[in-house]
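Engineer: Would you mind keeping the following structure in view while I ask a few things?
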Amino acid sequence: MPRHILLCACALLALALLSRSSRGDEILFKNGDKLTGEILSADGGKLKIKSKVAGEVTVDLADVQTFSTDKPMQLRLKDNTLVREQIQPAPTTGPTTGPSEVVAGGNTVPLTQIKRLGSTGSKWTGAVLAGGSLARGNTHATDLNIAADATLRRDNELQDDRFSLAAAYNFGKQTVNGVESTSSDNWFAQAKYDKFFTDKFYGYALMRYDHDRLAFLNYRLSPGVGVGYQWVESPDFNFSTETGVSYIYEDYSNDGTNDRVALRLAYHVDKKLNDKVSVFHNLEYLPSFDNWGDFNLNADAGIRASLTARMFSEFKVVWQYDSTPAPGADNNDLRFLLSIGWTF
């Protein structure tokens, strides 16, 4: 073969390979539109892609006909099958013909069966919050509240589970007619582990510790185990319910100790209203098995608004109810907290 023909053939081959590699990942929509860039993840029926022109774009999988990646990605299906392969587009004769599918690991996968694309990794995420007030003059008061939460969601060949940690501390004091008194002094810490057995069903184990000096509560230990159901898990909306059994041990500074075995019913919900604002609500109900009138209730509800990429403001209402408090203590504890937070 003449030398100049060989050089031209090599140049054409290199150009073809370069053109293919520069194309990147691609999404084909049911209406015939295409979007290229780098596919980042898919979760909760949403597909996220980073385009050079439009930046990060999130689209509904329901609007997608097929898509492809130019590198291997981790794909978990709703039956918990895990594939780590390059995603190929399913054959189509037109944008809206045939089912919405992709090809992964040599198998055709309906888009409706995709639980998650892209590994969740092993990175902790969460937030630290702080708030308070200071008054001097006719009113002499100091209030401080701090809180933190962290979550590790693992989803790989060996684990499909979730760790979560949470803690908060509230302190306040005031001076009236020269007499200083404490208006609040309470804190809690909680650790929880969830093991997913299926796409939705999981078992949990948790430990919670509460202290409230004004309620004469030295400490309340509440270990528990049970099962939960993750009705929805997505970047924009999460909803889960749980039922189980908890052992509650209380130590009061003015009334000795008390212990009981209780049913635990709980739920969690959070929802992003838009890119800046999200809402959340948690409730935990713990009635004693041998006396349904003896129960504890822990609940909160709040709203978060992003200020920057990492900073946000939060308004939260916290309600705790003890049907059998220590002598001299009230059943209800209701707090309204306004804080500034940082995510990590």
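Labeling convention for the structure tokens: chains A, B, ... as they appear, residues from 1 per chain, ligands from 1 in order of appearance.
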For segment 334-336 of chain A, work out the shell of residues within 12 Å, counting only C-alpha atoms and skipping chain neighbours fewer than 2 positions away, then give it as an NGL selection string.
Structural biologist: :A and (131-132 or 143 or 145 or 169-172 or 183-184 or 186 or 297-303 or 314-322 or 330-332 or 338-339)
Engineer: How would the residues just picked look written out with N, CA and C atoms as a CSV table (one decimal), in the first residue's frame?
Structural biologist:
```
chain,number,residue,atom,x,y,z
A,131,GLY,N,-28.0,28.7,66.1
A,131,GLY,CA,-28.9,29.8,66.3
A,131,GLY,C,-28.8,30.3,67.7
A,132,GLY,N,-29.3,31.5,67.9
A,132,GLY,CA,-29.4,32.0,69.3
A,132,GLY,C,-29.8,33.5,69.3
A,143,ASP,N,-29.9,32.9,74.7
A,143,ASP,CA,-30.4,31.6,74.2
A,143,ASP,C,-29.5,31.1,73.1
A,145,ASN,N,-28.9,27.5,70.4
A,145,ASN,CA,-29.2,26.2,70.0
A,145,ASN,C,-28.3,25.8,68.9
A,169,TYR,N,-28.6,20.5,70.8
A,169,TYR,CA,-28.5,21.1,72.2
A,169,TYR,C,-29.1,22.4,72.3
A,170,ASN,N,-30.0,22.7,73.3
A,170,ASN,CA,-30.6,23.9,73.5
A,170,ASN,C,-30.3,24.4,74.9
A,171,PHE,N,-29.9,25.7,75.0
A,171,PHE,CA,-29.6,26.2,76.4
A,171,PHE,C,-30.1,27.7,76.4
A,172,GLY,N,-30.7,28.1,77.5
A,172,GLY,CA,-31.1,29.4,77.7
A,172,GLY,C,-31.1,29.8,79.2
A,183,SER,N,-33.6,28.9,81.6
A,183,SER,CA,-34.9,28.7,80.9
A,183,SER,C,-34.9,27.5,80.0
A,184,SER,N,-33.8,26.9,79.7
A,184,SER,CA,-33.8,25.7,78.9
A,184,SER,C,-32.4,25.1,79.0
A,186,ASN,N,-31.4,21.3,77.5
A,186,ASN,CA,-31.7,19.9,77.0
A,186,ASN,C,-30.9,19.6,75.8
A,297,LEU,N,-43.9,11.1,72.6
A,297,LEU,CA,-44.1,11.6,71.3
A,297,LEU,C,-43.0,12.6,70.9
A,298,ASN,N,-42.3,12.3,69.9
A,298,ASN,CA,-41.2,13.2,69.4
A,298,ASN,C,-41.6,13.6,67.9
A,299,ALA,N,-41.7,14.9,67.7
A,299,ALA,CA,-42.0,15.4,66.3
A,299,ALA,C,-41.3,16.7,66.0
A,300,ASP,N,-41.1,16.9,64.7
A,300,ASP,CA,-40.6,18.2,64.3
A,300,ASP,C,-41.1,18.4,62.9
A,301,ALA,N,-41.1,19.7,62.5
A,301,ALA,CA,-41.4,20.1,61.1
A,301,ALA,C,-40.7,21.4,60.8
A,302,GLY,N,-40.3,21.6,59.6
A,302,GLY,CA,-39.5,22.8,59.3
A,302,GLY,C,-39.4,23.1,57.8
A,303,ILE,N,-38.7,24.2,57.6
A,303,ILE,CA,-38.5,24.6,56.2
A,303,ILE,C,-37.1,25.1,56.1
A,314,GLU,N,-32.9,28.0,58.4
A,314,GLU,CA,-33.9,26.9,58.7
A,314,GLU,C,-34.8,27.4,59.8
A,315,PHE,N,-36.1,27.2,59.7
A,315,PHE,CA,-37.1,27.5,60.7
A,315,PHE,C,-37.7,26.1,61.1
A,316,LYS,N,-37.7,25.7,62.4
A,316,LYS,CA,-38.2,24.4,62.7
A,316,LYS,C,-39.0,24.5,64.0
A,317,VAL,N,-40.0,23.7,64.1
A,317,VAL,CA,-40.8,23.6,65.3
A,317,VAL,C,-40.6,22.2,65.8
A,318,VAL,N,-40.2,22.1,67.1
A,318,VAL,CA,-40.0,20.8,67.8
A,318,VAL,C,-41.0,20.6,68.9
A,319,TRP,N,-41.6,19.4,68.9
A,319,TRP,CA,-42.6,19.1,69.9
A,319,TRP,C,-42.3,17.8,70.5
A,320,GLN,N,-42.2,17.8,71.8
A,320,GLN,CA,-42.0,16.6,72.6
A,320,GLN,C,-43.1,16.5,73.7
A,321,TYR,N,-43.7,15.3,73.8
A,321,TYR,CA,-44.8,15.1,74.7
A,321,TYR,C,-44.5,13.8,75.5
A,322,ASP,N,-44.6,14.0,76.9
A,322,ASP,CA,-44.4,12.8,77.8
A,322,ASP,C,-45.7,12.7,78.6
A,330,ASP,N,-43.9,19.6,83.2
A,330,ASP,CA,-45.0,19.7,82.3
A,330,ASP,C,-45.0,18.6,81.2
A,331,ASN,N,-46.1,18.2,80.7
A,331,ASN,CA,-46.2,17.2,79.6
A,331,ASN,C,-45.5,17.6,78.3
A,332,ASN,N,-45.7,18.9,78.0
A,332,ASN,CA,-45.4,19.4,76.7
A,332,ASN,C,-44.0,20.2,76.7
A,338,LEU,N,-34.9,29.1,65.0
A,338,LEU,CA,-34.5,29.8,63.7
A,338,LEU,C,-33.0,29.7,63.7
A,339,SER,N,-32.4,29.0,62.7
A,339,SER,CA,-31.0,28.8,62.7
A,339,SER,C,-30.4,29.0,61.3
```
Engineer: When you look at segment 227-236 of chain A with a cut-off of 10 Å (counting only C-alpha atoms), what residues show up, excluding the ones that are within fewer than 2 positions of it in the same chain? I need them as a PyMOL selection string.
Structural biologist: chain A and resi 42-46+115-116+194-196+198-205+225+238-245+265-275+278
Engineer: Skipping near chain neighbours, those fewer than 6 positions away, what residues fall within 9 Å of segment 210-212 of chain A using only C-alpha atoms, listed as a list in words?
Structural biologist: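 In the requested format, the answer is Ser184, Asp185, Asn186, Trp187, Phe188, Ala189, Gln190, Asn218, Tyr219, Arg220, Leu221 and Ser222 of chain A.
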Engineer: Quick one: write out the picked residues with C-alpha atoms as a PDB file, in the first residue's frame?
Structural biologist:
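New file result_34.pdb:
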```
ATOM      1  CA  SER A 184     -33.761  25.685  78.903  1.00  0.00           C
ATOM      2  CA  ASP A 185     -31.097  22.999  79.130  1.00  0.00           C
ATOM      3  CA  ASN A 186     -31.733  19.910  77.034  1.00  0.00           C
ATOM      4  CA  TRP A 187     -30.010  17.805  74.418  1.00  0.00           C
ATOM      5  CA  PHE A 188     -30.368  14.551  72.524  1.00  0.00           C
ATOM      6  CA  ALA A 189     -28.209  12.270  70.385  1.00  0.00           C
ATOM      7  CA  GLN A 190     -29.313   9.470  68.072  1.00  0.00           C
ATOM      8  CA  ASN A 218     -31.236  12.935  83.936  1.00  0.00           C
ATOM      9  CA  TYR A 219     -31.438  10.710  80.879  1.00  0.00           C
ATOM     10  CA  ARG A 220     -33.758   8.596  78.769  1.00  0.00           C
ATOM     11  CA  LEU A 221     -32.295   5.669  76.811  1.00  0.00           C
ATOM     12  CA  SER A 222     -34.413   4.366  73.915  1.00  0.00           C
TER      13      SER A 222
END
```
Engineer: DSSP on the backbone: what in segment 68-121 of chain A comes out strand (DSSP E or B), as JSON, numbers by chain?
Structural biologist: {"A": [68, 72, 73, 74, 75, 76, 77, 82, 83, 84, 85, 86, 88, 89, 101, 102, 103, 104, 107, 108, 109, 110, 114, 115, 116, 117]}
Engineer: Would you list the contacts of Val261 of chain A as a list in words, taking every protein, DNA or RNA residue within 10 Å and counting only C-alpha atoms, but skipping same-chain residues closer than 4 positions in sequence?
Structural biologist: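 Here the qualifying residues turn out to be Ser222, Gly224, Val245, Ser246, Tyr247, Ile248, Tyr249, Leu286, Pro287, Ser288, Phe289, Asp290 and Asn291 of chain A.
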Engineer: Taking N, CA and C atoms for each residue, export the selection above as a PDB file, in the first residue's frame.
Structural biologist:
```pdb
ATOM      1  N   SER A 222     -33.342   4.967  74.718  1.00  0.00           N
ATOM      2  CA  SER A 222     -34.413   4.366  73.915  1.00  0.00           C
ATOM      3  C   SER A 222     -33.835   3.539  72.775  1.00  0.00           C
ATOM      4  N   GLY A 224     -33.893   0.500  70.056  1.00  0.00           N
ATOM      5  CA  GLY A 224     -35.015  -0.151  69.394  1.00  0.00           C
ATOM      6  C   GLY A 224     -34.599  -0.835  68.107  1.00  0.00           C
ATOM      7  N   VAL A 245     -40.064  -2.191  67.988  1.00  0.00           N
ATOM      8  CA  VAL A 245     -40.141  -2.285  69.438  1.00  0.00           C
ATOM      9  C   VAL A 245     -38.960  -1.536  70.040  1.00  0.00           C
ATOM     10  N   SER A 246     -39.225  -0.735  71.069  1.00  0.00           N
ATOM     11  CA  SER A 246     -38.176   0.005  71.767  1.00  0.00           C
ATOM     12  C   SER A 246     -38.236  -0.291  73.267  1.00  0.00           C
ATOM     13  N   TYR A 247     -37.075  -0.308  73.874  1.00  0.00           N
ATOM     14  CA  TYR A 247     -36.982  -0.411  75.327  1.00  0.00           C
ATOM     15  C   TYR A 247     -36.623   0.973  75.854  1.00  0.00           C
ATOM     16  N   ILE A 248     -37.426   1.488  76.787  1.00  0.00           N
ATOM     17  CA  ILE A 248     -37.239   2.852  77.282  1.00  0.00           C
ATOM     18  C   ILE A 248     -36.878   2.803  78.765  1.00  0.00           C
ATOM     19  N   TYR A 249     -35.752   3.402  79.092  1.00  0.00           N
ATOM     20  CA  TYR A 249     -35.295   3.476  80.483  1.00  0.00           C
ATOM     21  C   TYR A 249     -35.093   4.946  80.831  1.00  0.00           C
ATOM     22  N   LEU A 286     -44.330   6.421  70.771  1.00  0.00           N
ATOM     23  CA  LEU A 286     -43.838   5.298  71.569  1.00  0.00           C
ATOM     24  C   LEU A 286     -44.806   4.981  72.713  1.00  0.00           C
ATOM     25  N   PRO A 287     -45.895   4.238  72.459  1.00  0.00           N
ATOM     26  CA  PRO A 287     -46.801   3.846  73.535  1.00  0.00           C
ATOM     27  C   PRO A 287     -46.323   2.560  74.217  1.00  0.00           C
ATOM     28  N   SER A 288     -46.478   2.501  75.550  1.00  0.00           N
ATOM     29  CA  SER A 288     -46.085   1.323  76.307  1.00  0.00           C
ATOM     30  C   SER A 288     -47.034   0.169  76.006  1.00  0.00           C
ATOM     31  N   PHE A 289     -46.491  -1.056  75.902  1.00  0.00           N
ATOM     32  CA  PHE A 289     -47.331  -2.212  75.624  1.00  0.00           C
ATOM     33  C   PHE A 289     -48.294  -2.514  76.768  1.00  0.00           C
ATOM     34  N   ASP A 290     -47.858  -2.307  78.009  1.00  0.00           N
ATOM     35  CA  ASP A 290     -48.725  -2.670  79.134  1.00  0.00           C
ATOM     36  C   ASP A 290     -49.612  -1.524  79.605  1.00  0.00           C
ATOM     37  N   ASN A 291     -49.443  -0.322  79.026  1.00  0.00           N
ATOM     38  CA  ASN A 291     -50.295   0.810  79.379  1.00  0.00           C
ATOM     39  C   ASN A 291     -50.266   1.811  78.228  1.00  0.00           C
TER      40      ASN A 291
END
```
Engineer: Find, counting only C-alpha atoms, the residue in A:Glu101, A:Asp294, A:Glu284, A:Asp149 that gets nearest to Ala62 of chain A.
Structural biologist: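 Looking only at the distances to Ala62 of chain A, the closest residue turns out to be A:Glu101.
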Engineer: My list of candidates is A:His140, A:Arg162, A:Arg153, A:Lys34. Which is closest to Val179 of chain A when distances are computed with only C-alpha atoms?
Structural biologist: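 Nearest candidate to Val179 of chain A out of A:His140, A:Arg162, A:Arg153, A:Lys34: A:His140.
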Engineer: Pick the closest to Leu47 of chain A from A:Asn31, A:Thr66, A:Thr92, A:Gln174: which is it, counting only C-alpha atoms?
Structural biologist: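 Of the candidates, the smallest distance to Leu47 of chain A is held by A:Thr66.
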Engineer: Could you please determine the separation between atom CA of Thr324 of chain A and atom CA of Pro223 of chain A in Å, to one decimal place?
Structural biologist: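 That distance, rounded to one decimal, is 19.3 Å.
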Engineer: Quick one: residues within 10 Å of Val176 of chain A, only C-alpha atoms counted, chain neighbours fewer than 6 positions away excluded, as a ChimeraX atom specification?
Structural biologist: /A:138-141
Engineer: Could you save those same residues with C-alpha atoms as a tab-separated table (two decimals), in the first residue's frame?
Structural biologist:
```tsv
chain	number	residue	atom	x	y	z
A	138	ASN	CA	-34.95	45.63	80.50
A	139	THR	CA	-34.76	42.06	79.20
A	140	HIS	CA	-31.64	40.12	80.15
A	141	ALA	CA	-31.61	36.75	78.37
```
Engineer: Counting only C-alpha atoms, which residue out of A:Asn107, A:Asn296, A:Thr308, A:Ser133 sits closest to Arg260 of chain A?
Structural biologist: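 Looking only at the distances to Arg260 of chain A, the closest residue turns out to be A:Asn296.
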Engineer: Grab the atom CA of Gly341 of chain A to atom CA of Ala305 of chain A distance for me, in Å with one decimal place.
Structural biologist: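 Distance reported for this atom pair: 9.9 Å.
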